[in-house]
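Peer 1: If it helps, the file is called my_file_3.txt and holds compact mmCIF, C-alpha atoms and all ligand atoms:
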# COMPACT_ATOMS: atom_id res chain seq x y z
CA MET E 1 -131.74 30.36 -376.50
CA LEU E 2 -133.65 27.20 -375.50
CA ASP E 3 -137.25 27.11 -376.68
CA GLU E 4 -139.93 25.45 -374.53
CA VAL E 5 -142.14 24.54 -377.46
CA THR E 6 -139.27 22.83 -379.32
CA ILE E 7 -138.68 20.75 -376.17
CA THR E 8 -142.37 19.82 -376.15
CA ARG E 9 -142.39 19.03 -379.89
CA ALA E 10 -139.27 16.84 -379.48
CA ILE E 11 -141.00 14.78 -376.80
CA VAL E 12 -144.37 14.47 -378.51
CA THR E 13 -142.93 13.67 -381.95
CA THR E 14 -140.42 11.07 -380.85
CA TYR E 15 -142.81 9.39 -378.38
CA LEU E 16 -145.46 9.05 -381.08
CA GLU E 17 -142.86 7.61 -383.48
CA LYS E 18 -141.90 5.05 -380.82
CA PHE E 19 -145.57 4.30 -380.07
CA SER E 20 -146.36 3.85 -383.80
CA ARG E 21 -143.49 1.38 -384.14
CA ALA E 22 -145.02 -0.65 -381.30
CA LEU E 23 -148.43 -1.06 -382.95
CA ASP E 24 -147.29 -4.13 -384.89
CA LEU E 25 -144.82 -6.24 -382.94
CA ASP E 26 -143.20 -9.64 -383.11
CA VAL E 27 -143.53 -9.87 -379.33
CA ALA E 28 -145.42 -7.79 -376.78
CA ILE E 29 -144.21 -8.31 -373.22
CA VAL E 30 -146.39 -7.32 -370.26
CA GLY E 31 -144.53 -6.47 -367.05
CA ALA E 32 -141.07 -4.96 -366.46
CA GLY E 33 -139.94 -7.29 -363.70
CA PRO E 34 -136.76 -9.39 -364.05
CA SER E 35 -138.29 -12.14 -366.19
CA GLY E 36 -139.99 -9.77 -368.65
CA LEU E 37 -136.91 -7.58 -369.06
CA THR E 38 -134.62 -10.58 -369.51
CA ALA E 39 -136.92 -12.00 -372.19
CA GLY E 40 -137.00 -8.55 -373.82
CA TYR E 41 -133.22 -8.36 -373.83
CA TYR E 42 -132.76 -11.72 -375.56
CA LEU E 43 -135.58 -11.14 -378.07
CA ALA E 44 -134.26 -7.70 -379.00
CA LYS E 45 -130.72 -9.05 -379.21
CA ALA E 46 -132.01 -11.64 -381.71
CA GLY E 47 -133.23 -8.76 -383.87
CA ARG E 48 -136.94 -9.10 -383.10
CA LYS E 49 -139.36 -6.18 -382.88
CA VAL E 50 -140.31 -6.27 -379.23
CA GLY E 51 -142.14 -3.85 -376.95
CA LEU E 52 -142.66 -4.04 -373.19
CA PHE E 53 -145.61 -2.48 -371.32
CA GLU E 54 -145.39 -1.73 -367.60
CA LYS E 55 -148.24 -0.26 -365.60
CA LYS E 56 -146.05 1.40 -362.95
CA LEU E 57 -143.98 4.57 -363.40
CA SER E 58 -140.86 2.63 -362.41
CA VAL E 59 -139.49 -0.54 -363.97
CA GLY E 60 -138.05 -3.41 -361.98
CA GLY E 61 -141.07 -5.18 -360.51
CA GLY E 62 -140.35 -7.12 -357.36
CA MET E 63 -136.57 -7.18 -357.77
CA LEU E 64 -135.89 -3.62 -356.59
CA GLY E 65 -137.11 -4.42 -353.07
CA GLY E 66 -134.73 -7.39 -352.66
CA GLY E 67 -135.99 -9.34 -349.63
CA MET E 68 -138.20 -7.39 -347.21
CA LEU E 69 -136.69 -4.12 -348.56
CA PHE E 70 -133.10 -5.26 -347.91
CA ASN E 71 -132.17 -4.42 -351.48
CA ARG E 72 -129.81 -7.31 -352.19
CA ILE E 73 -130.72 -10.34 -354.28
CA VAL E 74 -129.42 -13.90 -354.24
CA VAL E 75 -128.69 -15.95 -357.36
CA GLN E 76 -127.53 -19.52 -357.79
CA ASP E 77 -124.71 -20.84 -360.00
CA GLU E 78 -126.92 -21.69 -363.00
CA ALA E 79 -127.93 -18.05 -363.51
CA LEU E 80 -124.42 -16.55 -363.25
CA PRO E 81 -123.67 -16.62 -367.00
CA ILE E 82 -126.75 -14.44 -367.64
CA LEU E 83 -125.77 -11.93 -364.95
CA GLU E 84 -122.24 -11.83 -366.35
CA GLU E 85 -123.59 -11.18 -369.87
CA LEU E 86 -125.68 -8.31 -368.49
CA GLY E 87 -122.70 -6.83 -366.65
CA ILE E 88 -124.22 -7.32 -363.17
CA ARG E 89 -121.49 -7.67 -360.53
CA THR E 90 -121.95 -10.55 -358.09
CA THR E 91 -120.22 -11.57 -354.85
CA ALA E 92 -119.84 -15.20 -353.80
CA PHE E 93 -121.47 -15.82 -350.41
CA GLU E 94 -121.35 -19.56 -349.74
CA PRO E 95 -120.80 -22.34 -352.29
CA GLY E 96 -123.71 -22.16 -354.75
CA TYR E 97 -125.01 -18.77 -353.50
CA HIS E 98 -124.09 -15.37 -354.94
CA THR E 99 -125.43 -11.91 -354.10
CA ALA E 100 -125.93 -8.76 -356.17
CA ASP E 101 -127.23 -5.27 -355.52
CA ALA E 102 -130.91 -5.21 -356.52
CA VAL E 103 -130.78 -1.66 -357.92
CA GLU E 104 -127.59 -2.30 -359.90
CA ALA E 105 -129.02 -5.55 -361.24
CA MET E 106 -132.15 -3.80 -362.46
CA GLY E 107 -130.18 -0.87 -363.89
CA CYS E 108 -127.91 -3.19 -365.89
CA LEU E 109 -130.86 -5.21 -367.14
CA VAL E 110 -132.81 -2.17 -368.34
CA TYR E 111 -129.70 -0.61 -369.90
CA ARG E 112 -128.69 -3.73 -371.81
CA ALA E 113 -132.27 -4.50 -372.93
CA ALA E 114 -132.90 -0.94 -374.16
CA ASN E 115 -129.53 -0.89 -375.94
CA ALA E 116 -130.36 -4.17 -377.66
CA GLY E 117 -133.52 -2.50 -379.04
CA LEU E 118 -136.28 -3.27 -376.52
CA GLU E 119 -138.84 -0.43 -376.51
CA VAL E 120 -140.16 0.08 -372.97
CA PHE E 121 -143.46 1.84 -372.27
CA ASN E 122 -144.08 2.67 -368.63
CA CYS E 123 -147.35 3.85 -367.09
CA ILE E 124 -149.34 1.77 -369.57
CA SER E 125 -151.68 -0.94 -368.26
CA VAL E 126 -152.70 -3.95 -370.27
CA GLU E 127 -156.40 -4.37 -369.69
CA ASP E 128 -157.30 -7.03 -372.27
CA VAL E 129 -155.98 -9.05 -375.21
CA VAL E 130 -156.93 -9.20 -378.88
CA PHE E 131 -158.46 -12.63 -379.49
CA LYS E 132 -159.00 -13.99 -383.01
CA ASP E 133 -159.37 -17.56 -384.35
CA SER E 134 -158.83 -19.01 -380.85
CA ARG E 135 -155.47 -17.26 -380.50
CA VAL E 136 -154.08 -14.29 -378.57
CA CYS E 137 -152.73 -11.86 -381.15
CA GLY E 138 -152.41 -8.46 -379.48
CA LEU E 139 -152.92 -6.23 -376.47
CA VAL E 140 -155.52 -3.72 -375.35
CA ILE E 141 -153.81 -0.90 -373.49
CA ASN E 142 -154.58 2.28 -371.60
CA TRP E 143 -152.69 4.82 -369.46
CA SER E 144 -152.51 3.38 -365.95
CA PRO E 145 -153.57 6.71 -364.33
CA VAL E 146 -156.78 6.46 -366.40
CA GLU E 147 -157.38 3.02 -364.91
CA SER E 148 -156.54 4.06 -361.33
CA ALA E 149 -158.73 7.18 -361.55
CA GLY E 150 -161.60 5.01 -362.78
CA LEU E 151 -162.13 7.24 -365.84
CA HIS E 152 -164.36 5.90 -368.57
CA VAL E 153 -161.86 6.19 -371.44
CA ASP E 154 -161.71 3.63 -374.22
CA PRO E 155 -158.35 1.86 -374.69
CA LEU E 156 -156.14 1.46 -377.78
CA THR E 157 -154.92 -1.74 -379.41
CA LEU E 158 -151.71 -3.20 -380.80
CA ARG E 159 -150.95 -6.35 -382.77
CA ALA E 160 -148.30 -8.92 -381.75
CA ARG E 161 -147.39 -12.34 -383.10
CA PHE E 162 -146.77 -13.46 -379.52
CA VAL E 163 -147.61 -12.04 -376.11
CA LEU E 164 -145.59 -12.79 -372.96
CA ASP E 165 -147.37 -12.51 -369.61
CA ALA E 166 -144.54 -11.49 -367.23
CA THR E 167 -146.85 -9.80 -364.72
CA GLY E 168 -145.63 -11.68 -361.64
CA HIS E 169 -147.77 -13.31 -358.91
CA GLY E 170 -151.11 -12.16 -360.41
CA ALA E 171 -150.56 -13.55 -363.95
CA ASP E 172 -152.76 -10.64 -364.94
CA VAL E 173 -152.98 -11.27 -368.69
CA VAL E 174 -153.83 -14.96 -368.35
CA SER E 175 -156.33 -14.19 -365.54
CA ARG E 176 -158.12 -11.62 -367.70
CA LEU E 177 -158.20 -14.03 -370.67
CA VAL E 178 -159.72 -16.78 -368.54
CA ARG E 179 -162.23 -14.41 -366.92
CA LYS E 180 -163.43 -12.92 -370.20
CA MET E 181 -163.19 -15.83 -372.65
CA GLY E 182 -163.54 -18.87 -370.37
CA VAL E 183 -160.81 -20.59 -372.40
CA ARG E 184 -159.16 -23.91 -371.54
CA LEU E 185 -155.47 -23.27 -370.78
CA LEU E 186 -152.60 -25.59 -371.71
CA THR E 187 -152.29 -26.62 -368.05
CA GLU E 188 -152.97 -30.08 -366.59
CA THR E 189 -156.44 -29.02 -365.45
CA GLY E 190 -157.19 -26.53 -368.22
CA SER E 191 -157.55 -23.74 -365.62
CA MET E 192 -155.20 -21.50 -363.60
CA MET E 193 -153.55 -23.87 -361.12
CA GLY E 194 -152.45 -21.21 -358.60
CA GLU E 195 -149.14 -20.45 -356.87
CA LYS E 196 -148.08 -22.75 -354.02
CA SER E 197 -146.39 -21.86 -350.69
CA MET E 198 -142.64 -21.36 -350.14
CA ASP E 199 -140.03 -23.90 -351.25
CA ALA E 200 -137.04 -22.02 -352.68
CA HIS E 201 -135.49 -25.05 -354.39
CA LEU E 202 -138.69 -26.29 -356.03
CA GLY E 203 -139.95 -22.78 -356.73
CA GLU E 204 -136.83 -21.91 -358.72
CA ARG E 205 -137.05 -25.16 -360.67
CA HIS E 206 -140.76 -24.72 -361.33
CA ALA E 207 -140.35 -21.12 -362.55
CA VAL E 208 -138.16 -22.38 -365.37
CA GLU E 209 -140.13 -25.58 -366.09
CA ASN E 210 -143.44 -23.67 -366.15
CA THR E 211 -142.14 -21.07 -368.61
CA ARG E 212 -144.06 -22.03 -371.73
CA GLU E 213 -147.12 -21.37 -373.82
CA ALA E 214 -150.24 -21.14 -371.65
CA TYR E 215 -152.64 -20.57 -374.53
CA PRO E 216 -151.99 -20.29 -378.29
CA GLY E 217 -150.09 -17.02 -378.80
CA LEU E 218 -149.65 -16.39 -375.06
CA PHE E 219 -146.51 -17.42 -373.12
CA VAL E 220 -145.88 -17.02 -369.38
CA SER E 221 -142.63 -16.35 -367.51
CA GLY E 222 -141.41 -15.78 -363.95
CA MET E 223 -143.94 -15.86 -361.12
CA ALA E 224 -146.79 -15.73 -363.63
CA ALA E 225 -145.60 -19.12 -364.93
CA ASN E 226 -145.86 -20.58 -361.41
CA ALA E 227 -149.27 -18.97 -360.85
CA VAL E 228 -150.62 -20.46 -364.07
CA PHE E 229 -149.02 -23.92 -363.95
CA GLY E 230 -149.03 -24.35 -360.14
CA GLY E 231 -145.43 -23.90 -358.91
CA TYR E 232 -144.03 -23.03 -355.49
CA ARG E 233 -142.83 -19.55 -354.55
CA MET E 234 -139.14 -19.08 -353.79
CA GLY E 235 -138.63 -15.77 -351.95
CA PRO E 236 -135.85 -13.32 -352.86
CA ILE E 237 -133.68 -15.63 -354.96
CA PHE E 238 -133.84 -14.33 -358.54
CA GLY E 239 -131.82 -16.76 -360.67
CA GLY E 240 -135.03 -18.49 -361.72
CA MET E 241 -136.48 -15.19 -362.98
CA PHE E 242 -133.44 -14.53 -365.23
CA LEU E 243 -133.43 -18.16 -366.44
CA SER E 244 -137.18 -18.06 -367.06
CA GLY E 245 -136.91 -14.87 -369.14
CA HIS E 246 -134.09 -16.45 -371.12
CA LYS E 247 -136.15 -19.60 -371.76
CA ALA E 248 -139.26 -17.58 -372.72
CA ALA E 249 -137.20 -15.72 -375.34
CA ARG E 250 -135.80 -18.99 -376.72
CA LEU E 251 -139.25 -20.62 -377.00
CA ILE E 252 -140.81 -17.54 -378.60
CA LEU E 253 -137.92 -17.27 -381.08
CA GLU E 254 -138.60 -20.90 -382.07
CA GLY E 255 -142.27 -19.98 -382.56
CA LEU E 256 -141.41 -16.97 -384.69
C1 LIG Y 301 -148.83 -3.78 -367.25
C2 LIG Y 301 -148.41 -5.00 -365.34
C3 LIG Y 301 -149.74 -5.50 -365.33
C4 LIG Y 301 -150.61 -5.06 -366.37
C5 LIG Y 301 -148.71 -6.33 -363.61
O1 LIG Y 301 -143.58 -9.20 -360.18
P1 LIG Y 301 -142.51 -8.98 -361.17
O2 LIG Y 301 -141.17 -8.61 -360.64
O3 LIG Y 301 -142.44 -10.27 -362.14
P2 LIG Y 301 -141.36 -11.44 -362.37
O4 LIG Y 301 -142.12 -12.68 -362.53
O5 LIG Y 301 -140.44 -11.06 -363.46
O6 LIG Y 301 -140.49 -11.50 -361.03
C6 LIG Y 301 -141.07 -11.96 -359.88
C7 LIG Y 301 -140.27 -11.48 -358.66
O7 LIG Y 301 -140.18 -10.07 -358.67
C8 LIG Y 301 -140.96 -11.95 -357.43
O8 LIG Y 301 -141.99 -11.37 -357.09
C9 LIG Y 301 -140.48 -13.10 -356.70
C10 LIG Y 301 -139.21 -13.78 -357.10
N1 LIG Y 301 -141.18 -13.52 -355.69
C11 LIG Y 301 -140.95 -14.68 -354.91
C12 LIG Y 301 -141.88 -14.75 -353.72
O9 LIG Y 301 -141.82 -15.79 -353.03
O10 LIG Y 301 -142.67 -13.81 -353.47
O11 LIG Y 301 -142.94 -7.84 -362.19
C13 LIG Y 301 -144.21 -7.85 -362.79
C14 LIG Y 301 -144.48 -6.47 -363.37
C15 LIG Y 301 -144.70 -5.42 -362.26
O12 LIG Y 301 -143.80 -4.36 -362.47
C16 LIG Y 301 -146.16 -4.99 -362.44
O13 LIG Y 301 -146.37 -3.63 -362.18
C17 LIG Y 301 -146.40 -5.32 -363.91
O14 LIG Y 301 -145.69 -6.53 -364.10
N2 LIG Y 301 -147.80 -5.55 -364.26
N3 LIG Y 301 -147.96 -4.16 -366.27
N4 LIG Y 301 -150.13 -4.21 -367.30
N5 LIG Y 301 -151.88 -5.47 -366.44
N6 LIG Y 301 -149.89 -6.31 -364.25
I'd like the structure from this file rewritten - as structure tokens, please.
Peer 2:
Amino acid sequence: MLDEVTITRAIVTTYLEKFSRALDLDVAIVGAGPSGLTAGYYLAKAGRKVGLFEKKLSVGGGMLGGGMLFNRIVVQDEALPILEELGIRTTAFEPGYHTADAVEAMGCLVYRAANAGLEVFNCISVEDVVFKDSRVCGLVINWSPVESAGLHVDPLTLRARFVLDATGHGADVVSRLVRKMGVRLLTETGSMMGEKSMDAHLGERHAVENTREAYPGLFVSGMAANAVFGGYRMGPIFGGMFLSGHKAARLILEGL
């Protein structure tokens, strides 16, 4: 006979165990889009204690919608080895261009990352960072429905040796840090340089080049990297997002 309260206790107990493990992390990733999940996969694969916080109920960020809701993505040659490693099937279109199903790509990415040990927390918004000795060293989090309902509920806090802002176009973590602390970023101007208009070729290159530390303890990847360091946008080609996540993981592993 199945018991409702045992089902409830199983959920509450194991969630709290998972949450407790995430209170002291090697790396805290914000945003479950392609770049954040790819970084999470490689960091977890390297044996690091890594947690990812996503404010939406669903994971996947901007990849699930493909281009204008046509749920296919395009990737270029350079990114193919990563897609192959993740088990994402691709079809050659024209020389240098490959396509994949956006939903399958996201499913494979989440599956491989979770299997490698990435702990994913959905419906949790990052609303601030922990800031000590001129360094970002943790996250301030709350349930996203609390935020969207405008309830006055104090957040909770976790510690991380490094934080990765993978929040896409808004570069939400870096924006909040700049707004609250008025810090000088590691950009050319010291401030957020802002995303530029569309140039697929440059945008893809910039997403990878701009993947780096934006402030001590705080790295950026994907579209957040272009928003912070001033890169072009690229539309629904996603190779740069996978490559950026891969690079973010490599740089953070060096830092650890
Ligand atoms: C928790 C948060 C918070 C927060 C936001 O936008 P994403 O898919 O991010 P990337 O950079 O991995 O991929 C970008 C790509 O999807 C894209 O938009 C492209 C290629 N655009 C090109 C173009 O020309 O437009 O995912 C970011 C995730 C989302 O799921 C957000 O919900 C989440 O971050 N997020 N999670 N706390 N404060 N802010």
Peer 1: Counting only C-alpha atoms and all ligand atoms, name the residues that have an atom within 7 Å of an atom of ligand LIG 301 (chain Y); the answer should be given as a PyMOL selection string.
Peer 2: chain E and resi 30-36+53-56+59-63+124-127+166-169+172-173+198+221-224+233-238+241
Peer 1: Name the closest residue to Ser144 (chain E) among the candidates E:Met192, E:Leu158, E:Val120, E:Leu57; distances are taken between atoms, counting only C-alpha atoms.
Peer 2: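 Answer, going by the shortest atom-to-atom distance: E:Leu57.
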Peer 1: Kindly indicate which residue among E:Gly96, E:Gly239, E:Gly87, E:Gly117 lies nearest to Ala22 (chain E), using all atoms listed in the file for the distances.
Peer 2: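 Among E:Gly96, E:Gly239, E:Gly87, E:Gly117, it is E:Gly117 that comes nearest to Ala22 (chain E).
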Peer 1: Out of E:Arg205, E:Lys18, E:Arg176, E:Arg48, which residue has the shortest atom-to-atom distance to Phe131 (chain E) when counting all atoms listed in the file?
Peer 2: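 Between E:Arg205, E:Lys18, E:Arg176, E:Arg48, the residue approaching Phe131 (chain E) most closely is E:Arg176.
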Peer 1: From the options E:Val140, E:Val129, E:Met193, E:Ile82, which residue's atoms come nearest to His246 (chain E), counting all atoms listed in the file?
Peer 2: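 Smallest separation from His246 (chain E) among the options: E:Ile82.
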Peer 1: Using all atoms listed in the file for the distances, tell me which of E:Leu139, E:Met181, E:Leu243, E:Val50 is nearest to Asp77 (chain E).
Peer 2: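 Of the candidates, the smallest distance to Asp77 (chain E) is held by E:Leu243.
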Peer 1: Using all atoms listed in the file, pick whichever of E:Asp128, E:Asp165, E:Asp133, E:Asp101 has the shortest atom-to-atom distance to Arg72 (chain E).
Peer 2: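 Among the listed residues, the smallest separation from Arg72 (chain E) belongs to E:Asp101.
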Peer 1: Can you list, as a list in words, every protein, DNA or RNA residue that comes within 10 Å of Leu23 (chain E) when you count all atoms listed in the file, leaving out same-chain residues fewer than 4 positions away?
Peer 2: Lys18, Phe19, Ala28, Gly51, Gly138, Leu139, Leu156, Thr157, Leu158, Arg159 and Ala160 of chain E
Peer 1: Quick one: residues within 9 Å of (-129.0, -18.7, -356.1) (file frame), counting all atoms listed in the file, please, as a ChimeraX atom specification.
Peer 2: /E:73-80,96-99,204,237-240
Peer 1: Pull C-alpha atoms from the residues just selected and write them as a compact mmCIF listing (two decimals), keeping the file's coordinate frame.
Peer 2:
# COMPACT_ATOMS: atom_id res chain seq x y z
CA ILE E 73 -130.72 -10.34 -354.28
CA VAL E 74 -129.42 -13.90 -354.24
CA VAL E 75 -128.69 -15.95 -357.36
CA GLN E 76 -127.53 -19.52 -357.79
CA ASP E 77 -124.71 -20.84 -360.00
CA GLU E 78 -126.92 -21.69 -363.00
CA ALA E 79 -127.93 -18.05 -363.51
CA LEU E 80 -124.42 -16.55 -363.25
CA GLY E 96 -123.71 -22.16 -354.75
CA TYR E 97 -125.01 -18.77 -353.50
CA HIS E 98 -124.09 -15.37 -354.94
CA THR E 99 -125.43 -11.91 -354.10
CA GLU E 204 -136.83 -21.91 -358.72
CA ILE E 237 -133.68 -15.63 -354.96
CA PHE E 238 -133.84 -14.33 -358.54
CA GLY E 239 -131.82 -16.76 -360.67
CA GLY E 240 -135.03 -18.49 -361.72
Peer 1: What's the 8 Å shell around Leu37 (chain E), counting only C-alpha atoms, without same-chain residues fewer than 6 positions away, as JSON, numbers by chain?
Peer 2: {"E": [31, 52, 109, 110, 113, 245]}
Peer 1: Please write the residues from the selection above to a file, keeping C-alpha atoms, as a JSON list (two decimals), in the frame of the given file.
Peer 2:
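Output contents, as saved in part_38.json:
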[["chain", "number", "residue", "atom", "x", "y", "z"],
["E", 31, "GLY", "CA", -144.53, -6.47, -367.05],
["E", 52, "LEU", "CA", -142.66, -4.04, -373.19],
["E", 109, "LEU", "CA", -130.86, -5.21, -367.14],
["E", 110, "VAL", "CA", -132.81, -2.17, -368.34],
["E", 113, "ALA", "CA", -132.27, -4.50, -372.93],
["E", 245, "GLY", "CA", -136.91, -14.87, -369.14]]
Peer 1: List the spatial neighbours of Asn115 (chain E) as a count of residues only - criterion: any atom at most 12 Å away, all atoms listed in the file, same-chain residues fewer than 3 positions off excluded.
Peer 2: 15
Peer 1: Would you mind reading off the distance between CA of Cys137 (chain E) and CA of Leu218 (chain E), one decimal, in Å?
Peer 2: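 Interatomic distance here is 8.2 Å.
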Peer 1: Quick one: region 21-62 of chain E with C-alpha atoms, as a PDB file, in the first residue's frame?
Peer 2:
ATOM      1  CA  ARG E  21      25.207  20.033  -0.165  1.00  0.00           C
ATOM      2  CA  ALA E  22      24.876  23.185  -2.272  1.00  0.00           C
ATOM      3  CA  LEU E  23      25.531  25.605   0.594  1.00  0.00           C
ATOM      4  CA  ASP E  24      29.295  25.367   0.130  1.00  0.00           C
ATOM      5  CA  LEU E  25      30.284  24.951  -3.504  1.00  0.00           C
ATOM      6  CA  ASP E  26      33.377  25.085  -5.663  1.00  0.00           C
ATOM      7  CA  VAL E  27      31.295  26.770  -8.357  1.00  0.00           C
ATOM      8  CA  ALA E  28      27.807  28.281  -8.347  1.00  0.00           C
ATOM      9  CA  ILE E  29      26.364  28.755 -11.835  1.00  0.00           C
ATOM     10  CA  VAL E  30      23.459  31.132 -12.428  1.00  0.00           C
ATOM     11  CA  GLY E  31      21.251  30.324 -15.431  1.00  0.00           C
ATOM     12  CA  ALA E  32      20.360  27.001 -17.085  1.00  0.00           C
ATOM     13  CA  GLY E  33      20.805  28.073 -20.691  1.00  0.00           C
ATOM     14  CA  PRO E  34      23.250  26.272 -23.010  1.00  0.00           C
ATOM     15  CA  SER E  35      26.392  28.026 -21.759  1.00  0.00           C
ATOM     16  CA  GLY E  36      25.641  27.518 -18.057  1.00  0.00           C
ATOM     17  CA  LEU E  37      24.710  23.856 -18.495  1.00  0.00           C
ATOM     18  CA  THR E  38      27.778  23.156 -20.641  1.00  0.00           C
ATOM     19  CA  ALA E  39      30.035  24.759 -18.026  1.00  0.00           C
ATOM     20  CA  GLY E  40      28.238  22.713 -15.352  1.00  0.00           C
ATOM     21  CA  TYR E  41      28.799  19.505 -17.297  1.00  0.00           C
ATOM     22  CA  TYR E  42      32.553  20.039 -17.667  1.00  0.00           C
ATOM     23  CA  LEU E  43      33.035  21.228 -14.069  1.00  0.00           C
ATOM     24  CA  ALA E  44      31.098  18.274 -12.661  1.00  0.00           C
ATOM     25  CA  LYS E  45      32.947  15.893 -14.967  1.00  0.00           C
ATOM     26  CA  ALA E  46      36.213  17.247 -13.518  1.00  0.00           C
ATOM     27  CA  GLY E  47      34.968  16.215 -10.074  1.00  0.00           C
ATOM     28  CA  ARG E  48      34.102  19.692  -8.795  1.00  0.00           C
ATOM     29  CA  LYS E  49      31.218  20.452  -6.446  1.00  0.00           C
ATOM     30  CA  VAL E  50      28.984  22.538  -8.657  1.00  0.00           C
ATOM     31  CA  GLY E  51      25.402  23.757  -8.345  1.00  0.00           C
ATOM     32  CA  LEU E  52      23.263  25.573 -10.909  1.00  0.00           C
ATOM     33  CA  PHE E  53      20.394  27.948 -10.053  1.00  0.00           C
ATOM     34  CA  GLU E  54      17.664  28.722 -12.588  1.00  0.00           C
ATOM     35  CA  LYS E  55      14.807  31.105 -11.923  1.00  0.00           C
ATOM     36  CA  LYS E  56      12.354  29.471 -14.349  1.00  0.00           C
ATOM     37  CA  LEU E  57      10.496  26.194 -13.804  1.00  0.00           C
ATOM     38  CA  SER E  58      12.030  24.836 -17.017  1.00  0.00           C
ATOM     39  CA  VAL E  59      15.696  24.586 -17.920  1.00  0.00           C
ATOM     40  CA  GLY E  60      17.073  25.372 -21.351  1.00  0.00           C
ATOM     41  CA  GLY E  61      17.060  29.162 -21.549  1.00  0.00           C
ATOM     42  CA  GLY E  62      16.895  30.533 -25.060  1.00  0.00           C
TER      43      GLY E  62
END
